[in-house]
>>> print(open('upload.txt').read())   # compact mmCIF, C-alpha atoms
# COMPACT_ATOMS: atom_id res chain seq x y z
CA MET N 29 106.67 110.88 73.11
CA ALA N 30 105.13 112.78 75.97
CA GLU N 31 104.26 110.54 78.87
CA LYS N 32 100.81 110.39 80.28
CA GLU N 33 100.18 111.12 83.92
CA LEU N 34 98.82 108.51 86.27
CA THR N 35 95.12 108.99 86.72
CA VAL N 36 92.21 106.89 87.77
CA ASP N 37 89.36 107.08 85.37
CA LYS N 38 87.51 103.84 84.92
CA LYS N 39 85.14 104.49 82.09
CA GLU N 40 81.95 102.55 82.22
CA VAL N 41 80.71 101.27 78.87
CA GLN N 42 77.67 103.24 77.83
CA SER N 43 76.02 101.38 75.06
CA PRO N 44 72.53 100.45 73.97
CA GLN N 45 73.71 96.87 73.56
CA GLU N 46 72.62 94.58 76.36
CA PHE N 47 74.93 92.18 78.09
CA THR N 48 74.13 88.81 79.51
CA ARG N 49 76.32 89.28 82.54
CA GLU N 50 75.25 91.52 85.34
CA GLY N 51 77.20 94.49 86.61
CA PRO N 52 79.07 97.36 85.05
CA PHE N 53 81.43 96.98 82.10
CA PHE N 54 84.53 99.06 81.78
CA THR N 55 86.61 100.28 78.89
CA PRO N 56 90.22 99.43 79.66
CA ASP N 57 92.99 101.94 79.05
CA VAL N 58 94.88 100.92 75.95
CA ASP N 59 98.14 101.76 74.20
CA ILE N 60 98.48 100.86 70.54
CA GLN N 61 101.92 100.95 69.02
CA GLU N 62 102.84 100.36 65.45
CA THR N 63 106.18 99.37 64.02
CA GLU N 64 107.09 98.19 60.54
CA GLU N 65 106.57 94.56 61.54
CA GLN N 66 103.61 94.63 63.87
CA LEU N 67 100.94 96.35 65.86
CA THR N 68 101.05 95.96 69.63
CA LEU N 69 98.02 96.50 71.79
CA ILE N 70 98.54 96.86 75.52
CA ALA N 71 95.55 96.99 77.86
CA ASP N 72 95.24 97.35 81.63
CA ILE N 73 92.83 94.74 82.92
CA PRO N 74 93.57 94.27 86.63
CA GLY N 75 91.85 91.39 88.41
CA VAL N 76 91.42 89.16 85.38
CA LYS N 77 92.75 85.61 85.14
CA LYS N 78 94.40 84.37 81.96
CA GLU N 79 91.65 81.87 81.21
CA ASN N 80 88.96 84.52 81.48
CA VAL N 81 90.35 86.70 78.72
CA ASP N 82 88.65 86.29 75.42
CA ILE N 83 90.22 87.82 72.34
CA ASP N 84 88.10 87.50 69.30
CA LEU N 85 88.78 88.57 65.75
CA ASN N 86 85.75 88.65 63.59
CA GLU N 87 85.72 90.34 60.20
CA ASN N 88 88.28 93.02 61.02
CA THR N 89 86.87 93.65 64.48
CA LEU N 90 89.12 92.73 67.33
CA THR N 91 87.20 92.38 70.58
CA ILE N 92 88.71 92.02 74.00
CA ASN N 93 86.39 90.63 76.60
CA ALA N 94 87.77 90.05 80.07
CA GLN N 95 85.85 88.82 83.06
CA VAL N 96 86.99 89.82 86.54
CA GLU N 97 87.47 87.03 88.99
CA LYS N 98 85.84 88.28 92.16
CA THR N 99 83.32 90.99 92.54
CA GLY N 100 83.16 92.83 95.79
CA LEU N 101 85.35 93.30 98.80
CA PRO N 102 86.04 90.94 101.67
CA GLY N 103 83.87 91.86 104.65
CA THR N 104 81.78 95.00 104.62
CA ALA N 105 82.76 98.06 102.62
CA LEU N 106 83.86 101.19 104.44
CA TYR N 107 85.06 103.34 101.60
CA LYS N 108 84.87 102.82 97.88
CA GLU N 109 86.70 104.61 95.11
CA TYR N 110 86.38 102.15 92.28
CA ASP N 111 83.92 99.57 91.05
CA TYR N 112 84.54 96.03 89.91
CA GLY N 113 83.37 94.91 86.53
CA ASP N 114 84.27 93.18 83.34
CA TYR N 115 86.29 94.82 80.59
CA LYS N 116 85.13 95.09 77.05
CA ARG N 117 86.52 96.95 74.08
CA SER N 118 86.52 96.56 70.33
CA PHE N 119 88.83 97.84 67.64
CA THR N 120 88.69 97.79 63.90
CA VAL N 121 91.80 96.21 62.45
CA SER N 122 92.57 96.50 58.82
CA ASN N 123 93.34 93.45 56.75
CA ILE N 124 97.06 94.14 56.81
CA ILE N 125 97.22 91.92 59.89
CA ASP N 126 98.28 88.32 59.52
CA GLN N 127 95.39 86.92 61.49
CA SER N 128 96.94 83.49 62.00
CA LYS N 129 99.96 84.87 63.88
CA ILE N 130 98.26 86.93 66.57
CA SER N 131 99.65 86.21 70.03
CA ALA N 132 98.74 87.47 73.50
CA GLU N 133 100.27 87.56 76.94
CA LEU N 134 98.90 88.51 80.36
CA LYS N 135 101.17 89.65 83.14
CA ASN N 136 100.37 91.55 86.35
CA GLY N 137 97.00 92.63 85.03
CA VAL N 138 98.41 93.93 81.74
CA LEU N 139 97.36 92.27 78.50
CA THR N 140 99.68 92.53 75.51
CA VAL N 141 98.37 91.48 72.12
CA VAL N 142 100.84 91.30 69.24
CA LEU N 143 99.35 91.58 65.77
CA PRO N 144 102.00 90.86 63.14
CA LYS N 145 101.54 92.49 59.78
CA ALA N 146 101.06 90.35 56.73
CA GLU N 147 104.11 90.02 54.47
CA THR N 148 102.45 91.99 51.70
CA ALA N 149 101.75 94.92 54.01
CA LYS N 150 105.32 95.43 55.18
CA PRO N 151 107.11 98.34 53.63
CA ARG N 152 109.54 97.17 51.01
CA LYS N 153 112.63 98.94 49.96
CA ILE N 154 113.09 99.03 46.24
CA GLU N 155 116.57 98.87 44.94
CA ILE N 156 117.34 101.00 41.95
CA ARG N 157 119.58 99.32 39.50
CA SER N 158 122.11 101.43 37.80
CA MET M 22 74.30 125.65 94.38
CA ALA M 23 72.24 128.21 96.22
CA ILE M 24 74.14 131.09 94.67
CA THR M 25 74.33 129.92 91.09
CA ARG M 26 70.61 129.34 91.00
CA PHE M 27 69.90 133.09 90.79
CA PHE M 28 72.10 133.54 87.76
CA GLN M 29 70.52 130.90 85.60
CA PRO M 30 67.85 131.76 83.05
CA THR M 31 64.49 130.55 84.32
CA GLY M 32 63.96 127.76 81.79
CA TYR M 33 67.37 126.33 82.41
CA ASN M 34 66.95 126.86 86.11
CA ARG M 35 64.01 124.49 86.34
CA LEU M 36 65.82 121.81 84.43
CA TYR M 37 68.89 122.30 86.52
CA GLN M 38 66.96 121.93 89.73
CA TYR M 39 65.21 118.90 88.41
CA ASP M 40 68.61 117.45 87.63
CA LEU M 41 69.83 118.08 91.15
CA LEU M 42 66.72 116.51 92.55
CA GLN M 43 67.12 113.54 90.25
CA ASN M 44 70.73 113.05 91.32
CA GLU M 45 69.78 113.28 94.93
CA MET M 46 67.00 110.75 94.46
CA ASN M 47 69.38 108.38 92.67
CA ARG M 48 71.89 108.74 95.44
CA LEU M 49 69.27 108.05 98.11
CA PHE M 50 67.96 105.11 96.16
CA ASP M 51 71.42 103.67 95.68
CA SER M 52 72.46 104.11 99.27
CA PHE M 53 69.20 102.61 100.46
CA PHE M 54 69.70 99.50 98.38
CA GLY M 55 73.32 99.19 99.35
CA ARG M 56 74.95 100.09 96.07
CA GLN M 57 77.61 102.59 96.87
CA THR M 58 78.51 104.82 93.99
CA PRO M 59 82.27 105.24 93.95
CA VAL M 60 83.91 108.60 93.99
CA LYS M 61 84.86 109.51 90.43
CA ARG M 62 88.31 110.54 89.31
CA THR M 63 90.50 110.13 92.31
CA THR M 64 94.23 110.16 92.61
CA PHE M 65 96.08 107.05 91.55
CA PRO M 66 95.70 104.41 92.82
CA ALA M 67 92.02 104.20 93.64
CA LEU M 68 91.45 102.46 96.95
CA ASN M 69 88.65 100.35 98.31
CA VAL M 70 88.55 99.78 102.03
CA SER M 71 86.55 97.14 103.83
CA GLN M 72 86.53 95.40 107.20
CA ASP M 73 85.39 92.30 108.97
CA ASN M 74 85.53 91.49 112.68
CA ASP M 75 89.29 91.07 112.87
CA HIS M 76 90.78 92.76 109.82
CA LEU M 77 90.81 95.86 107.72
CA TYR M 78 91.36 95.31 103.99
CA VAL M 79 92.70 97.85 101.56
CA ASN M 80 92.48 97.03 97.85
CA ALA M 81 94.01 98.90 94.96
CA GLU M 82 94.23 98.23 91.25
CA LEU M 83 97.86 98.48 90.21
CA PRO M 84 98.16 96.90 86.78
CA GLY M 85 101.66 96.45 85.46
CA ILE M 86 103.38 97.34 88.70
CA GLU M 87 106.10 95.05 89.97
CA VAL M 88 106.30 94.13 93.65
CA LYS M 89 109.71 95.79 93.88
CA ASP M 90 108.29 99.11 92.73
CA ILE M 91 105.86 99.45 95.61
CA GLU M 92 106.55 100.58 99.14
CA ILE M 93 103.96 100.26 101.88
CA ASN M 94 104.44 102.00 105.18
CA VAL M 95 102.11 101.63 108.10
CA ASP M 96 102.01 103.12 111.54
CA ALA M 97 99.32 103.08 114.20
CA GLU M 98 97.14 105.61 112.39
CA THR M 99 98.12 105.86 108.76
CA LEU M 100 98.82 103.70 105.76
CA GLN M 101 101.02 104.94 102.97
CA ILE M 102 101.27 103.33 99.56
CA LYS M 103 103.87 104.72 97.23
CA GLY M 104 105.76 103.63 94.20
CA GLU M 105 106.28 104.09 90.55
CA ARG M 106 104.64 102.68 87.50
CA LYS M 107 107.14 102.21 84.71
CA LEU M 108 105.90 101.31 81.31
CA GLU M 109 107.94 99.06 79.12
CA GLU M 110 110.30 100.95 76.89
CA ALA M 111 108.92 101.11 73.42
CA GLU M 112 111.14 100.17 70.55
CA LYS M 113 112.50 102.79 68.24
CA ASN M 114 110.43 103.90 65.28
CA VAL M 115 107.19 103.25 67.11
CA ARG M 116 104.15 105.15 66.12
CA TYR M 117 101.40 105.49 68.71
CA HIS M 118 97.81 105.14 67.64
CA ARG M 119 96.61 105.42 71.20
CA GLN M 120 98.28 106.23 74.44
CA GLU M 121 95.93 106.04 77.37
CA ARG M 122 97.98 104.23 79.97
CA GLY M 123 99.71 106.49 82.43
CA SER M 124 103.05 106.19 84.16
CA GLY M 125 104.92 107.93 86.91
CA ILE M 126 105.25 108.20 90.64
CA PHE M 127 102.32 107.77 92.99
CA ASN M 128 101.94 108.32 96.69
CA ARG M 129 98.82 107.97 98.76
CA THR M 130 98.32 108.10 102.47
CA ILE M 131 95.11 107.21 104.19
CA GLN M 132 94.03 107.62 107.76
CA LEU M 133 93.07 104.31 109.32
CA PRO M 134 89.67 104.28 111.01
CA PHE M 135 91.01 102.40 114.05
CA PRO M 136 94.36 101.20 115.45
CA VAL M 137 95.92 98.18 113.76
CA ASN M 138 98.50 95.63 114.76
CA THR M 139 101.36 96.97 112.63
CA GLU M 140 103.50 93.88 113.24
CA LYS M 141 101.11 91.61 111.39
CA VAL M 142 100.22 93.66 108.34
CA SER M 143 100.53 91.69 105.11
CA ALA M 144 100.25 92.64 101.46
CA GLU M 145 100.05 90.75 98.21
CA ILE M 146 99.65 91.51 94.54
CA ASN M 147 97.64 89.16 92.44
CA LEU M 148 96.65 89.83 88.81
CA GLY M 149 97.55 93.48 89.21
CA VAL M 150 95.38 93.95 92.29
CA LEU M 151 97.01 94.83 95.58
CA THR M 152 95.42 93.59 98.79
CA ILE M 153 96.71 94.79 102.13
CA THR M 154 95.40 92.96 105.19
CA LEU M 155 95.68 94.86 108.46
CA PRO M 156 94.71 92.96 111.62
CA LYS M 157 92.84 95.15 114.08
CA ALA M 158 94.53 95.99 117.33
CA ASP M 159 92.97 94.19 120.27
CA GLU M 160 91.24 97.31 121.55
CA ALA M 161 89.56 97.86 118.18
CA LYS M 162 88.01 94.41 117.95
CA PRO M 163 84.36 94.04 118.71
CA ARG M 164 83.72 92.73 122.18
CA LYS M 165 80.85 90.66 123.34
CA ILE M 166 79.20 92.03 126.45
CA ASN M 167 77.55 89.58 128.73
CA VAL M 168 74.39 90.86 130.28
CA LYS M 169 74.05 89.94 133.87
CA THR M 170 70.76 89.37 135.48
CA ALA M 171 70.10 91.41 138.51
>>> encode(input="upload.txt", output="structure tokens")
Amino acid sequence: MAEKELTVDKKEVQSPQEFTREGPFFTPDVDIQETEEQLTLIADIPGVKKENVDIDLNENTLTINAQVEKTGLPGTALYKEYDYGDYKRSFTVSNIIDQSKISAELKNGVLTVVLPKAETAKPRKIEIRS
Amino acid sequence: MAITRFFQPTGYNRLYQYDLLQNEMNRLFDSFFGRQTPVKRTTFPALNVSQDNDHLYVNAELPGIEVKDIEINVDAETLQIKGERKLEEAEKNVRYHRQERGSGIFNRTIQLPFPVNTEKVSAEINLGVLTITLPKADEAKPRKINVKTA
């Protein structure tokens, strides 16, 4: 798998939907990996505390909503290359996911969500009897 | 801008100029009301710099980077942040649906706007955000001038 270069490109959410919280919303960079057992979703959400991450699964739509802790810099700004704002992104997940076994972990600003596949969705090897 | 203008078809030209004017107005408006629009697409990591009376603060978003993978060097005039972002090794037989997170080596050096006390520079990473605190050198601190009466 070709590796992706390090870039800075915080994409602001452009949507007609209105939010109740002020400030810009960003789309976090995400990796989605699939194995036979599970789907793993990894998202970069720097500046977010564990308790402010909200992962919601509603009718096949997985929504990640993360609120940044502090907005703004200490003191007065001299130079600014990035903005602070909450993270929001939704994905459509098919019903092959065992919704009761979803787990998530946050470490160093990286959120990892593990979505195990339902037993029926796992590939099964069929033995041929002679 | 001045050169390209002559090569545009007239209809487009007007729109284009209007666009430029609009951008300029937005920029003026934003800067007047104190909202600084950040520079788009910079090299990794993006830095925000701020100051108060005694310190200079440099912030950078470094999600997924361990403390041991960062090196910060500072001298009287420059600050260098370098390191490597390693992504966790994926298991075998993994299929990617999306791969947007980057990895690799980064190195950024910035010129400091005033001398700092290099002995007392501190840095910490919290929730994937790096904050470097650089105390100003004594000569860079603001000084109160007493006005004498004649």
>>> closest_residue(input="upload.txt", among="N:Gln66, N:Ile83, N:Asn88, N:Val138", to="chain M", atoms="all atoms listed in the file")
N:Val138
>>> residues_around(input="upload.txt", residues="stretch 141-144 of chain M", least_positions_apart="4", cutoff="9 Å", atoms="all atoms listed in the file", output="VMD selection string")
chain M and resid 93 95 137 151 to 156
>>> axis_aligned_box(input="upload.txt", around="stretch 102-112 of chain M", padding_each_side="4 Å", output="lines of an AutoDock Vina configuration file")
center_x = 106.2
center_y = 101.9
center_z = 85.1
size_x = 17.9
size_y = 13.7
size_z = 37.0
>>> interface_residues(input="upload.txt", of="chain N", to="chain M", cutoff="9 Å", atoms="only C-alpha atoms", output="PDB file with C-alpha atoms, in the coordinates of the input")
ATOM      1  CA  MET N  29     106.670 110.880  73.110  1.00  0.00           C
ATOM      2  CA  GLU N  31     104.260 110.540  78.870  1.00  0.00           C
ATOM      3  CA  LYS N  32     100.810 110.390  80.280  1.00  0.00           C
ATOM      4  CA  GLU N  33     100.180 111.120  83.920  1.00  0.00           C
ATOM      5  CA  LEU N  34      98.820 108.510  86.270  1.00  0.00           C
ATOM      6  CA  THR N  35      95.120 108.990  86.720  1.00  0.00           C
ATOM      7  CA  VAL N  36      92.210 106.890  87.770  1.00  0.00           C
ATOM      8  CA  ASP N  37      89.360 107.080  85.370  1.00  0.00           C
ATOM      9  CA  LYS N  38      87.510 103.840  84.920  1.00  0.00           C
ATOM     10  CA  ASP N  57      92.990 101.940  79.050  1.00  0.00           C
ATOM     11  CA  VAL N  58      94.880 100.920  75.950  1.00  0.00           C
ATOM     12  CA  ASP N  59      98.140 101.760  74.200  1.00  0.00           C
ATOM     13  CA  ILE N  60      98.480 100.860  70.540  1.00  0.00           C
ATOM     14  CA  GLN N  61     101.920 100.950  69.020  1.00  0.00           C
ATOM     15  CA  GLU N  62     102.840 100.360  65.450  1.00  0.00           C
ATOM     16  CA  THR N  63     106.180  99.370  64.020  1.00  0.00           C
ATOM     17  CA  GLU N  64     107.090  98.190  60.540  1.00  0.00           C
ATOM     18  CA  ILE N  70      98.540  96.860  75.520  1.00  0.00           C
ATOM     19  CA  ALA N  71      95.550  96.990  77.860  1.00  0.00           C
ATOM     20  CA  ASP N  72      95.240  97.350  81.630  1.00  0.00           C
ATOM     21  CA  ILE N  73      92.830  94.740  82.920  1.00  0.00           C
ATOM     22  CA  PRO N  74      93.570  94.270  86.630  1.00  0.00           C
ATOM     23  CA  GLY N  75      91.850  91.390  88.410  1.00  0.00           C
ATOM     24  CA  VAL N  76      91.420  89.160  85.380  1.00  0.00           C
ATOM     25  CA  LYS N  77      92.750  85.610  85.140  1.00  0.00           C
ATOM     26  CA  LEU N 101      85.350  93.300  98.800  1.00  0.00           C
ATOM     27  CA  PRO N 102      86.040  90.940 101.670  1.00  0.00           C
ATOM     28  CA  GLY N 103      83.870  91.860 104.650  1.00  0.00           C
ATOM     29  CA  THR N 104      81.780  95.000 104.620  1.00  0.00           C
ATOM     30  CA  ALA N 105      82.760  98.060 102.620  1.00  0.00           C
ATOM     31  CA  LEU N 106      83.860 101.190 104.440  1.00  0.00           C
ATOM     32  CA  TYR N 107      85.060 103.340 101.600  1.00  0.00           C
ATOM     33  CA  LYS N 108      84.870 102.820  97.880  1.00  0.00           C
ATOM     34  CA  GLU N 109      86.700 104.610  95.110  1.00  0.00           C
ATOM     35  CA  TYR N 110      86.380 102.150  92.280  1.00  0.00           C
ATOM     36  CA  ASP N 111      83.920  99.570  91.050  1.00  0.00           C
ATOM     37  CA  LEU N 134      98.900  88.510  80.360  1.00  0.00           C
ATOM     38  CA  LYS N 135     101.170  89.650  83.140  1.00  0.00           C
ATOM     39  CA  ASN N 136     100.370  91.550  86.350  1.00  0.00           C
ATOM     40  CA  GLY N 137      97.000  92.630  85.030  1.00  0.00           C
ATOM     41  CA  VAL N 138      98.410  93.930  81.740  1.00  0.00           C
TER      42      VAL N 138
END
>>> atom_distance(input="upload.txt", atom1="atom CA of M:Pro163", atom2="atom CA of M:Glu98")
18.4 Å
>>> atom_distance(input="upload.txt", atom1="atom CA of N:Thr89", atom2="atom CA of N:Val121")
5.9 Å
>>> atom_distance(input="upload.txt", atom1="atom CA of N:Tyr112", atom2="atom CA of M:Met46")
23.3 Å
>>> residues_around(input="upload.txt", residues="stretch 78-80 of chain N", least_positions_apart="4", cutoff="9 Å", atoms="only C-alpha atoms", output="JSON, numbers by chain")
{"N": [93, 94, 95, 96, 97, 133, 134, 135]}
>>> residues_near_point(input="upload.txt", point="(103.6, 86.0, 61.3)", cutoff="7 Å", atoms="all atoms listed in the file", output="list of chain:residue names")
N:Asp126, N:Lys129, N:Pro144, N:Lys145, N:Ala146
>>> residues_near_point(input="upload.txt", point="(97.8, 91.8, 72.5)", cutoff="8 Å", atoms="all atoms listed in the file", output="MDAnalysis selection string")
chainID N and resid 68:71 130:133 139:143
>>> write_last_selection(input="upload.txt", atoms="C-alpha atoms", output="PDB file, in the frame of the given file")
ATOM      1  CA  THR N  68     101.050  95.960  69.630  1.00  0.00           C
ATOM      2  CA  LEU N  69      98.020  96.500  71.790  1.00  0.00           C
ATOM      3  CA  ILE N  70      98.540  96.860  75.520  1.00  0.00           C
ATOM      4  CA  ALA N  71      95.550  96.990  77.860  1.00  0.00           C
ATOM      5  CA  ILE N 130      98.260  86.930  66.570  1.00  0.00           C
ATOM      6  CA  SER N 131      99.650  86.210  70.030  1.00  0.00           C
ATOM      7  CA  ALA N 132      98.740  87.470  73.500  1.00  0.00           C
ATOM      8  CA  GLU N 133     100.270  87.560  76.940  1.00  0.00           C
ATOM      9  CA  LEU N 139      97.360  92.270  78.500  1.00  0.00           C
ATOM     10  CA  THR N 140      99.680  92.530  75.510  1.00  0.00           C
ATOM     11  CA  VAL N 141      98.370  91.480  72.120  1.00  0.00           C
ATOM     12  CA  VAL N 142     100.840  91.300  69.240  1.00  0.00           C
ATOM     13  CA  LEU N 143      99.350  91.580  65.770  1.00  0.00           C
TER      14      LEU N 143
END
>>> residues_around(input="upload.txt", residues="M:Asp96", least_positions_apart="5", cutoff="9 Å", atoms="only C-alpha atoms", output="list in words")
Gln101, Pro136, Val137, Asn138 and Thr139 of chain M
